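For reference, final.txt (compact mmCIF, C-alpha atoms):
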```txt
# COMPACT_ATOMS: atom_id res chain seq x y z
CA MET E 1 6.24 -2.50 -0.95
CA GLN E 2 8.69 -3.77 -2.45
CA ARG E 3 5.44 -2.80 -3.93
CA ARG E 4 6.23 0.75 -4.92
CA THR E 5 9.97 0.54 -5.57
CA PHE E 6 10.19 -1.52 -8.74
CA LEU E 7 11.27 1.27 -11.11
CA ALA E 8 14.97 1.22 -10.21
CA ALA E 9 15.44 -1.62 -12.70
CA ALA E 10 12.57 -0.58 -14.93
CA SER E 11 14.25 2.64 -16.03
CA ILE E 12 16.88 0.57 -17.82
CA ALA E 13 14.38 -1.84 -19.27
CA LEU E 14 12.15 0.91 -20.62
CA ALA E 15 14.79 2.31 -22.91
CA SER E 16 15.38 -1.12 -24.44
CA TYR E 17 11.73 -2.12 -24.75
CA ALA E 18 10.12 1.13 -25.80
CA GLY E 19 8.99 -0.35 -29.09
CA ARG E 20 7.53 -3.56 -27.71
CA LYS E 21 3.84 -4.02 -28.44
CA TRP E 22 3.07 -5.32 -24.96
CA LEU E 23 3.58 -1.81 -23.59
CA VAL E 24 0.19 -0.51 -24.65
CA ALA E 25 -1.16 2.97 -24.34
CA SER E 26 -2.89 3.95 -21.14
CA ARG E 27 -6.33 2.45 -20.78
CA ALA E 28 -9.14 4.84 -21.53
CA VAL E 29 -10.92 6.19 -18.48
CA ALA E 30 -14.21 4.29 -18.44
CA ALA E 31 -16.47 2.68 -15.88
CA PRO E 32 -14.48 1.41 -12.89
CA TRP E 33 -13.52 -2.24 -13.00
CA SER E 34 -15.28 -5.04 -11.18
CA ARG E 35 -13.50 -6.99 -8.44
CA ALA E 36 -12.91 -9.86 -10.85
CA GLN E 37 -11.26 -7.49 -13.34
CA ALA E 38 -9.13 -5.81 -10.70
CA TRP E 39 -8.07 -9.12 -9.15
CA GLN E 40 -6.82 -10.89 -12.28
CA PRO E 41 -3.31 -10.18 -13.65
CA ASN E 42 -3.06 -6.96 -15.65
CA PRO E 43 -1.05 -7.49 -18.87
CA ASN E 44 -0.69 -3.74 -19.45
CA VAL E 45 1.61 -2.92 -16.54
CA LEU E 46 5.31 -3.34 -15.82
CA PHE E 47 4.83 -4.33 -12.20
CA GLU E 48 1.86 -5.20 -10.00
CA TRP E 49 1.01 -6.67 -6.64
CA ARG E 50 -1.82 -8.07 -4.63
CA TYR E 51 -1.29 -6.63 -1.16
CA ILE E 52 -3.15 -7.42 2.06
CA ALA E 53 -2.59 -5.64 5.39
CA GLY E 54 -4.63 -6.63 8.42
CA HIS E 55 -5.03 -6.94 12.17
CA ILE E 56 -6.10 -10.23 13.75
CA THR E 57 -7.13 -10.71 17.38
CA THR E 58 -7.91 -14.16 18.78
CA ALA E 59 -7.82 -15.73 22.24
CA THR E 60 -4.11 -16.48 21.78
CA ASN E 61 -2.82 -13.92 19.28
CA ASP E 62 -3.01 -10.17 18.62
CA TYR E 63 -0.97 -9.00 15.65
CA GLY E 64 -0.87 -7.00 12.46
CA PHE E 65 0.37 -8.47 9.20
CA ILE E 66 1.23 -7.61 5.61
CA VAL E 67 1.29 -10.14 2.80
CA SER E 68 2.25 -8.89 -0.65
CA LEU E 69 2.55 -10.87 -3.89
CA SER E 70 4.54 -9.02 -6.55
CA ARG E 71 4.47 -9.77 -10.27
CA PRO E 72 7.09 -8.00 -12.44
CA ALA E 73 6.76 -8.06 -16.22
CA SER E 74 9.16 -10.55 -17.83
CA VAL E 75 11.13 -7.74 -19.52
CA LEU E 76 12.36 -6.61 -16.11
CA GLY E 77 14.20 -9.90 -15.62
CA ARG E 78 13.21 -10.18 -11.97
CA SER E 79 11.58 -12.88 -9.94
CA PRO E 80 8.17 -12.54 -8.33
CA GLU E 81 8.36 -11.98 -4.57
CA LEU E 82 6.35 -12.70 -1.46
CA LEU E 83 6.62 -10.18 1.36
CA VAL E 84 5.55 -11.47 4.79
CA MET E 85 5.51 -9.03 7.69
CA ARG E 86 4.15 -9.46 11.21
CA GLN E 87 3.95 -6.91 14.01
CA ASP E 88 2.67 -8.26 17.32
CA VAL E 89 0.90 -5.90 19.68
CA ASN E 90 3.47 -6.93 22.32
CA GLY E 91 6.26 -5.56 20.13
CA ALA E 92 7.73 -8.56 18.28
CA PHE E 93 8.39 -7.81 14.59
CA SER E 94 9.39 -9.88 11.57
CA SER E 95 9.83 -9.00 7.88
CA THR E 96 11.04 -11.33 5.14
CA VAL E 97 10.98 -11.14 1.36
CA TYR E 98 11.01 -14.44 -0.52
CA PRO E 99 11.85 -14.64 -4.24
CA GLY E 100 10.17 -17.49 -6.07
CA THR E 101 7.53 -18.41 -8.62
CA LEU E 102 4.03 -16.96 -8.94
CA THR E 103 1.29 -18.52 -11.05
CA TYR E 104 -2.34 -17.60 -11.68
CA ASP E 105 -5.14 -20.06 -12.40
CA THR E 106 -7.83 -18.34 -14.44
CA GLY E 107 -10.51 -20.92 -13.67
CA THR E 108 -10.29 -20.46 -9.91
CA ALA E 109 -8.89 -16.87 -9.85
CA THR E 110 -6.05 -18.13 -7.63
CA TYR E 111 -2.51 -16.80 -7.24
CA THR E 112 -0.04 -19.43 -6.01
CA PHE E 113 3.43 -18.49 -4.78
CA GLN E 114 6.25 -20.87 -3.93
CA ALA E 115 9.48 -19.49 -2.53
CA SER E 116 12.77 -20.65 -3.98
CA GLY E 117 14.11 -23.28 -1.61
CA GLY E 118 10.66 -23.91 -0.14
CA GLN E 119 10.95 -21.54 2.85
CA ALA E 120 7.45 -20.11 2.34
CA SER E 121 4.32 -20.39 0.23
CA ALA E 122 1.04 -18.53 -0.20
CA THR E 123 -2.21 -18.66 -2.12
CA ALA E 124 -4.68 -15.84 -2.68
CA ARG E 125 -8.06 -16.37 -4.33
CA TYR E 126 -11.21 -14.42 -5.19
CA ASP E 127 -14.29 -16.65 -5.38
CA GLY E 128 -16.69 -14.06 -6.75
CA GLN E 129 -17.78 -12.85 -3.30
CA VAL E 130 -14.85 -12.95 -0.87
CA TYR E 131 -11.06 -13.19 -0.93
CA HIS E 132 -9.21 -16.18 0.55
CA LEU E 133 -5.64 -16.00 1.86
CA SER E 134 -3.40 -18.84 3.01
CA VAL E 135 0.22 -18.33 4.11
CA ASN E 136 2.84 -20.78 5.32
CA ALA E 137 5.93 -18.92 6.54
CA PRO E 138 8.02 -18.95 9.71
CA ALA E 139 6.50 -15.69 10.96
CA LEU E 140 2.92 -16.17 9.81
CA THR E 141 0.61 -19.11 9.23
CA LEU E 142 -2.90 -18.55 7.90
CA ALA E 143 -5.17 -21.33 6.69
CA ASP E 144 -7.90 -20.03 4.41
CA ALA E 145 -8.45 -16.65 6.03
CA VAL E 146 -11.60 -15.19 4.49
CA LEU E 147 -11.49 -11.48 3.66
CA ARG E 148 -15.08 -10.30 3.29
CA PRO E 149 -15.37 -6.91 1.52
CA ARG E 150 -17.20 -4.07 3.26
CA GLY E 151 -19.01 -1.96 0.71
CA ASP E 152 -18.21 -1.57 -2.97
CA LEU E 153 -14.79 -2.00 -4.55
CA ILE E 154 -12.94 1.32 -4.23
CA PRO E 155 -11.45 2.83 -7.40
CA GLU E 156 -8.67 4.93 -5.84
CA GLY E 157 -8.71 8.51 -7.05
CA GLY E 158 -12.37 8.13 -8.03
CA ASP E 159 -11.90 6.16 -11.25
CA GLY E 160 -9.02 3.77 -10.49
CA LEU E 161 -6.54 5.47 -12.85
CA ILE E 162 -4.07 7.71 -11.04
CA ASP E 163 -0.84 9.59 -11.66
CA VAL E 164 2.02 8.70 -9.35
CA GLY E 165 4.72 11.16 -10.43
CA GLN E 166 8.13 10.88 -12.04
CA VAL E 167 10.42 8.02 -11.12
CA LEU E 168 13.98 7.62 -12.42
CA GLY E 169 13.32 9.70 -15.49
CA PHE E 170 9.83 8.50 -16.46
CA THR E 171 6.31 9.68 -15.72
CA VAL E 172 4.35 6.84 -14.13
CA GLU E 173 0.65 6.05 -13.78
CA SER E 174 -1.27 3.33 -12.05
CA ASP E 175 -4.41 1.22 -12.11
CA TYR E 176 -5.36 1.11 -8.44
CA TYR E 177 -8.33 -0.58 -6.73
CA ALA E 178 -8.86 -1.54 -3.10
CA ASP E 179 -11.23 -3.14 -0.63
CA TRP E 180 -11.75 -2.84 3.09
CA ALA E 181 -12.69 -6.21 4.54
CA THR E 182 -13.39 -8.11 7.72
CA VAL E 183 -11.13 -11.11 8.44
CA GLU E 184 -12.73 -14.46 9.26
CA LEU E 185 -11.01 -17.60 10.54
CA GLY E 186 -13.18 -20.68 10.88
CA ALA E 187 -16.33 -18.57 10.31
CA GLN E 188 -15.39 -16.29 13.24
CA THR E 189 -14.72 -12.61 12.59
CA VAL E 190 -11.28 -11.89 14.05
CA GLY E 191 -10.20 -8.59 12.53
CA VAL E 192 -10.07 -6.17 9.62
CA ALA E 193 -7.95 -5.94 6.50
CA ARG E 194 -7.10 -3.74 3.55
CA VAL E 195 -6.77 -5.40 0.10
CA ASP E 196 -4.89 -3.46 -2.60
CA MET E 197 -4.69 -4.34 -6.30
CA GLN E 198 -2.29 -2.04 -8.09
CA GLY E 199 -0.20 -2.04 -11.23
CA LEU E 200 2.31 0.54 -12.47
CA ARG E 201 3.42 1.49 -15.97
CA PRO E 202 5.12 4.41 -17.70
CA LYS E 203 2.61 7.03 -18.74
CA SER E 204 5.01 8.12 -21.44
CA LEU E 205 8.33 6.85 -22.79
CA THR E 206 9.55 10.41 -23.25
CA PRO E 207 12.20 11.00 -20.59
CA ALA E 208 11.06 13.31 -17.80
CA PRO E 209 13.26 15.61 -15.71
CA THR E 210 14.90 13.80 -12.84
CA SER E 211 13.31 14.71 -9.53
CA ASP E 212 13.34 13.53 -5.94
CA TYR E 213 10.58 11.03 -5.15
CA ASP E 214 8.78 11.59 -1.86
CA HIS E 215 5.97 9.27 -0.95
CA HIS E 216 3.66 8.53 2.00
CA TRP E 217 0.76 6.08 2.10
CA PHE E 218 -1.62 5.48 5.01
CA ALA E 219 -4.65 3.32 5.72
CA LEU E 220 -6.80 3.43 8.85
CA ALA E 221 -9.83 1.51 10.14
CA GLY E 222 -11.82 2.35 13.25
CA THR E 223 -15.16 3.65 14.46
CA GLN E 224 -16.77 7.00 15.30
CA ALA E 225 -19.32 7.87 17.96
CA THR E 226 -22.44 9.24 16.27
CA PRO E 227 -26.00 9.88 17.56
CA GLY E 228 -27.03 6.62 15.90
CA GLY E 229 -24.28 4.65 17.65
CA PRO E 230 -20.76 3.59 16.67
CA ARG E 231 -20.13 4.09 12.96
CA PRO E 232 -17.39 2.21 11.08
CA VAL E 233 -14.92 4.40 9.21
CA TRP E 234 -12.17 3.45 6.77
CA VAL E 235 -9.60 5.90 5.39
CA SER E 236 -6.81 5.71 2.84
CA ALA E 237 -4.54 8.65 2.07
CA TRP E 238 -1.36 9.04 0.07
CA ARG E 239 0.83 11.94 -1.05
CA ILE E 240 3.55 11.89 -3.69
CA VAL E 241 5.86 14.78 -4.58
CA SER E 242 7.75 14.14 -7.82
CA GLY E 243 7.31 16.18 -10.96
CA GLY E 244 4.26 17.67 -9.26
CA ILE E 245 2.18 17.05 -6.16
CA PHE E 246 -0.19 14.09 -6.31
CA TRP E 247 -2.47 13.12 -3.45
CA ASN E 248 -5.59 11.19 -2.61
CA VAL E 249 -7.97 10.89 0.33
CA THR E 250 -10.66 8.19 0.25
CA ILE E 251 -13.14 7.93 3.12
CA ALA E 252 -15.76 5.20 3.57
CA THR E 253 -18.26 5.21 6.42
CA GLY E 254 -21.20 3.27 7.80
CA THR E 255 -22.29 -0.32 7.37
CA SER E 256 -22.58 0.22 3.60
CA ALA E 257 -19.02 1.63 3.49
CA GLN E 258 -19.76 3.97 0.62
CA ALA E 259 -16.52 5.69 -0.39
CA VAL E 260 -15.79 9.22 -1.56
CA SER E 261 -12.39 10.25 -2.96
CA TYR E 262 -10.63 13.59 -3.22
CA THR E 263 -7.47 14.17 -5.27
CA GLU E 264 -5.17 16.95 -6.48
CA SER E 265 -7.76 17.53 -9.23
CA SER E 266 -10.54 18.24 -6.71
CA THR E 267 -11.55 21.72 -5.62
CA VAL E 268 -10.68 21.70 -1.93
CA GLN E 269 -9.85 24.21 0.75
CA ALA E 270 -6.78 22.34 2.03
CA PRO E 271 -4.97 19.61 0.01
CA LEU E 272 -3.62 16.60 1.88
CA ALA E 273 -0.65 17.51 4.06
CA VAL E 274 1.60 15.11 5.97
CA ALA E 275 4.01 16.08 8.74
CA GLU E 276 6.24 13.75 10.75
CA THR E 277 5.80 14.25 14.49
CA ALA E 278 8.15 11.51 15.74
CA TRP E 279 11.26 10.09 14.12
CA GLN E 280 13.46 7.03 13.85
CA PRO E 281 16.79 6.36 12.11
CA VAL E 282 16.68 4.64 8.74
CA PRO E 283 19.00 1.66 8.17
CA THR E 284 22.28 2.98 6.80
CA LEU E 285 22.05 3.84 3.11
CA ALA E 286 25.34 2.47 1.77
CA ALA E 287 27.93 5.25 2.21
CA GLN E 288 25.30 7.85 3.11
CA PRO E 289 24.98 9.14 6.67
CA ILE E 290 22.15 7.77 8.75
CA ARG E 291 18.94 9.62 8.04
CA PHE E 292 15.53 9.63 9.66
CA THR E 293 11.94 8.81 8.81
CA GLY E 294 8.73 8.89 10.80
CA THR E 295 7.03 6.77 13.41
CA ALA E 296 4.16 9.24 13.86
CA TRP E 297 2.50 11.67 11.49
CA HIS E 298 -0.10 14.44 11.48
CA ILE E 299 -2.34 14.07 8.43
CA THR E 300 -4.70 16.86 7.42
CA ALA E 301 -7.01 17.69 4.50
CA GLY E 302 -10.07 19.89 4.07
CA ALA E 303 -12.84 20.12 1.49
CA GLN E 304 -14.76 23.22 2.68
CA ALA E 305 -12.51 24.15 5.59
CA ALA E 306 -9.07 23.09 6.79
CA GLY E 307 -9.26 19.71 8.52
CA ASP E 308 -12.89 18.93 7.77
CA LEU E 309 -11.89 15.77 5.88
CA LEU E 310 -8.96 14.62 8.01
CA ASP E 311 -7.19 15.89 11.08
CA VAL E 312 -5.54 12.72 12.33
CA GLN E 313 -2.43 11.62 14.22
CA VAL E 314 -1.24 8.09 13.41
CA VAL E 315 1.50 6.08 15.13
CA VAL E 316 3.38 2.87 14.31
CA ALA E 317 6.08 1.05 16.26
CA PRO E 318 9.65 1.88 15.17
CA GLY E 319 11.88 -0.55 13.30
CA GLN E 320 9.38 -1.72 10.70
CA PHE E 321 11.37 -1.77 7.47
CA ALA E 322 10.73 -4.27 4.70
CA SER E 323 13.75 -6.54 4.54
CA GLY E 324 15.22 -6.91 1.08
CA ALA E 325 13.42 -3.88 -0.35
CA ARG E 326 14.60 -3.70 -3.95
CA ALA E 327 14.79 0.05 -4.27
CA PHE E 328 18.23 -0.17 -5.88
CA PRO E 329 19.25 -2.31 -8.86
CA ASP E 330 21.24 -4.79 -6.76
CA GLY E 331 18.44 -5.10 -4.20
CA SER E 332 20.89 -4.63 -1.36
CA ILE E 333 19.50 -1.65 0.50
CA ASN E 334 16.67 -1.86 3.01
CA PHE E 335 14.97 1.43 3.66
CA LEU E 336 11.33 0.91 2.78
CA GLU E 337 9.33 1.71 5.90
CA GLU E 338 6.26 -0.52 6.00
CA GLY E 339 4.60 -0.15 9.37
CA ILE E 340 1.59 -1.70 11.07
CA GLY E 341 0.07 0.23 13.97
CA PHE E 342 -2.86 0.14 16.35
CA SER E 343 -3.08 3.77 17.46
CA ALA E 344 -4.62 6.89 15.92
CA SER E 345 -6.51 9.92 17.16
CA GLY E 346 -8.24 12.98 15.77
CA THR E 347 -11.21 13.50 13.50
CA VAL E 348 -12.48 12.20 10.16
CA LEU E 349 -15.22 14.32 8.56
CA GLY E 350 -15.13 16.33 11.78
CA ILE E 351 -16.12 13.39 14.00
CA PRO E 352 -13.65 11.99 16.58
CA LEU E 353 -12.13 8.56 16.02
CA SER E 354 -12.43 5.71 18.49
CA ASN E 355 -11.72 1.97 18.68
CA ILE E 356 -8.85 2.00 16.19
CA GLN E 357 -8.51 -1.45 14.63
CA LEU E 358 -5.73 -0.98 12.08
CA VAL E 359 -3.17 1.60 10.97
CA VAL E 360 -0.81 1.07 8.05
CA ALA E 361 1.94 3.58 7.26
CA GLU E 362 4.38 3.41 4.37
CA SER E 363 7.23 5.77 3.56
CA THR E 364 9.79 5.37 0.81
CA ALA E 365 11.78 8.57 0.65
CA GLU E 366 10.84 11.19 3.23
CA PHE E 367 14.15 11.17 5.07
CA GLY E 368 14.88 13.96 7.50
CA LEU E 369 18.39 15.39 7.50
CA THR E 370 20.69 14.85 10.45
CA TYR E 371 21.22 18.42 11.58
CA LEU E 372 18.34 18.45 14.13
CA PRO E 373 19.24 15.52 16.39
CA LEU E 374 17.31 16.89 19.35
CA ALA E 375 14.06 16.62 17.38
CA ARG E 376 14.66 12.99 16.49
CA ARG E 377 13.26 11.27 19.55
```
Rewrite the structure from the file as C-alpha cells, please.
Amino acid sequence: MQRRTFLAAASIALASYAGRKWLVASRAVAAPWSRAQAWQPNPNVLFEWRYIAGHITTATNDYGFIVSLSRPASVLGRSPELLVMRQDVNGAFSSTVYPGTLTYDTGTATYTFQASGGQASATARYDGQVYHLSVNAPALTLADAVLRPRGDLIPEGGDGLIDVGQVLGFTVESDYYADWATVELGAQTVGVARVDMQGLRPKSLTPAPTSDYDHHWFALAGTQATPGGPRPVWVSAWRIVSGGIFWNVTIATGTSAQAVSYTESSTVQAPLAVAETAWQPVPTLAAQPIRFTGTAWHITAGAQAAGDLLDVQVVVAPGQFASGARAFPDGSINFLEEGIGFSASGTVLGIPLSNIQLVVAESTAEFGLTYLPLARR
C-alpha cells in the first residue's frame, strides 16, 4: 500500500548499502512466529507496515476502511507514513497519505504515529490477546477499536517466509503474517477486519534481470451455508508475476478459523488465476496514455480439480486509488488501486458464499492496454 511499492527508492539505496551489517541474511525457516513476534518492529527488513482493513456497521454508519502504518529503514531516507482510506457503502470515498513520525513502545507493544503538521494521528497496540486501533483523521475517527483475532495467527505461504518476485533489479522476499478479526466498539461487535504484518527485504544483492511487476492481492470474509448451519469463511489470495510466478491461497473456516495455505510450491491441479471482468481507467501516468485496471475479478484455484479451492467473483467500487502512492522516486504518481468492497459470489472449497462482510482488492501493475475500449465498461 504504499505498502508494496517501496522499492522504487530502495533499488538505489541497496547498491550503496550492500555491505552494511544491518542487512542480514534471510532468517532461517523455523517455527512460525507468535503474534508478539510478528507485531513488533522487524530490524531485518528494508520496509514494513502494520495494515488493517475492515468493515464496520453501526446504527449510523456503514463503511469499509484501511489504516496502514509504514516504517521504512533509515537508509531509505524516507518518512514513515499513515494511509487512511474510507469507502462508505453509499459510495463516498476518501484516501489520504500522511507523512510523519512513527514510534514503538516495547513495554506496551504500541505504535504511535503523528502526522507532520498535526493533520492526523493513530495508535495501534497488541495487548497479548487483542489488537487495539485508534485513529484521528478527517475521514475516519476510531477510539480504541478492539480487533479480536479469529483462530490462530496465519503464517502466509504456510511458514510466513515468502518470495515476492523481482522488483527494480533485485529479488525480494518477505516475512508475512496475518490475522482475521472481529471489530468491537464499546464491547459491541460491529464488523470484521484483516490485520497484516509484513516486511520486505532483498533476498539477494546480486542484480536480477529487469522484469515487469504484476501484482494482485485479495482478502474476503463471509459465510457459507452448510448442513450444520452458517459457517464463517476467510480467504486471502495473491498472485505476483515477476521473475517467475508466485501465488498464495489461504483459506480459514469455522469458528476455530483453522487456516490452510497453498502456494506455487504446492502440488495442485490449477494454480491461482486472476482475470479482470470489469475495468476502470487508472489516473494518468505522467506522459503515458490512460490505462485500465480492474473493478471486478474472477479468481480461481484448484487442489484436486479446477476451482475446488476458489471459484469466486469479487467486486469493488471504482475510483479507489491510494492518494500519494510512492511508486516512483518523487512520489508524484498515484496509481495504486486499493479497494474496499462488499460484494462477492461463487464457491470456496466447493461451497457457495453468502453474507459477504468484507472484500479487499489491491492491484499495483495489471494495467490493460487501450486498444479494446469497448471492453472497458
Inset, instruction - Figure out the distance between CA of Glu48 in chain E and CA of Val75 in chain E, please, to one decimal in Å. - result: 13.5 Å
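For Asp311 in chain E, the list of residues within 9 Å, based on only C-alpha atoms and with local chain neighbours fewer than 2 positions off taken out, reads His298, Ile299, Thr300, Ala301, Gly302, Ala306, Gly307, Asp308, Leu309, Gln313, Ser345, Gly346, Thr347, Val348, Leu349 and Gly350 of chain E.
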Inset, instruction - Could you check which of E:Ser134, E:Thr106, E:Gln119, E:Thr182 is closest to Gly222 in chain E, using all atoms listed in the file? - result: E:Thr182
Inset, instruction - For each of E:Val314, E:Ala124, E:Ala305, E:Leu205, take the minimum atom-to-atom distance to Pro271 in chain E, counting only C-alpha atoms, then give the residue where this is smallest. - result: E:Ala305
Inset, instruction - Point out the residue among E:Asn61, E:Ser74, E:Thr189, E:Thr226 with the least atom-to-atom distance to Gln87 in chain E, counting all atoms listed in the file. - result: E:Asn61
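Take the candidates E:Gln258, E:Ser204, E:Ser343, E:Thr110 and check each one against Tyr126 in chain E using all atoms listed in the file; the shortest distance goes to E:Thr110.
Between Ile245 in chain E and the residues E:Pro318, E:Gly165, E:Gly199, E:Gly229, the shortest atom-to-atom distance, using only C-alpha atoms, involves E:Gly165.
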Legend entry - For CA of Ile56 in chain E and CA of Thr295 in chain E, the interatomic separation in Å (one decimal): 21.5 Å
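Closest approach to Trp180 in chain E from the set E:Phe65, E:Trp49, E:Tyr131, E:Phe321 is made by E:Tyr131, with distances taken over only C-alpha atoms.
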Legend entry - Between CA of Ala73 in chain E and CA of Pro41 in chain E, distance in Å (one decimal): 10.6 Å
Legend entry - Shell around Leu161 in chain E at 9 Å using only C-alpha atoms, local window under 3 positions removed, as a PyMOL selection string: chain E and resi 27+29+32+155-158+173-177
Can you list, as a PDB file with C-alpha atoms, keeping the file's coordinate frame, every protein, DNA or RNA residue that comes within 10 Å of Thr223 in chain E when you count all atoms listed in the file, leaving out same-chain residues fewer than 4 positions away?
```pdb
ATOM      1  CA  GLY E 229     -24.280   4.650  17.650  1.00  0.00           C
ATOM      2  CA  PRO E 230     -20.760   3.590  16.670  1.00  0.00           C
ATOM      3  CA  ARG E 231     -20.130   4.090  12.960  1.00  0.00           C
ATOM      4  CA  PRO E 232     -17.390   2.210  11.080  1.00  0.00           C
ATOM      5  CA  VAL E 233     -14.920   4.400   9.210  1.00  0.00           C
ATOM      6  CA  TRP E 234     -12.170   3.450   6.770  1.00  0.00           C
ATOM      7  CA  THR E 253     -18.260   5.210   6.420  1.00  0.00           C
ATOM      8  CA  GLY E 254     -21.200   3.270   7.800  1.00  0.00           C
ATOM      9  CA  VAL E 348     -12.480  12.200  10.160  1.00  0.00           C
ATOM     10  CA  ILE E 351     -16.120  13.390  14.000  1.00  0.00           C
ATOM     11  CA  PRO E 352     -13.650  11.990  16.580  1.00  0.00           C
ATOM     12  CA  LEU E 353     -12.130   8.560  16.020  1.00  0.00           C
ATOM     13  CA  SER E 354     -12.430   5.710  18.490  1.00  0.00           C
ATOM     14  CA  ASN E 355     -11.720   1.970  18.680  1.00  0.00           C
ATOM     15  CA  ILE E 356      -8.850   2.000  16.190  1.00  0.00           C
ATOM     16  CA  GLN E 357      -8.510  -1.450  14.630  1.00  0.00           C
TER      17      GLN E 357
END
```
Exercise on range 48-65 of chain E, axis-aligned box with 3 Å per side, report centre and edge lengths in Å to one decimal, as AutoDock Vina command-line options:
```
--center_x -3.0 --center_y -10.8 --center_z 6.1 --size_x 15.8 --size_y 17.3 --size_z 38.2
```
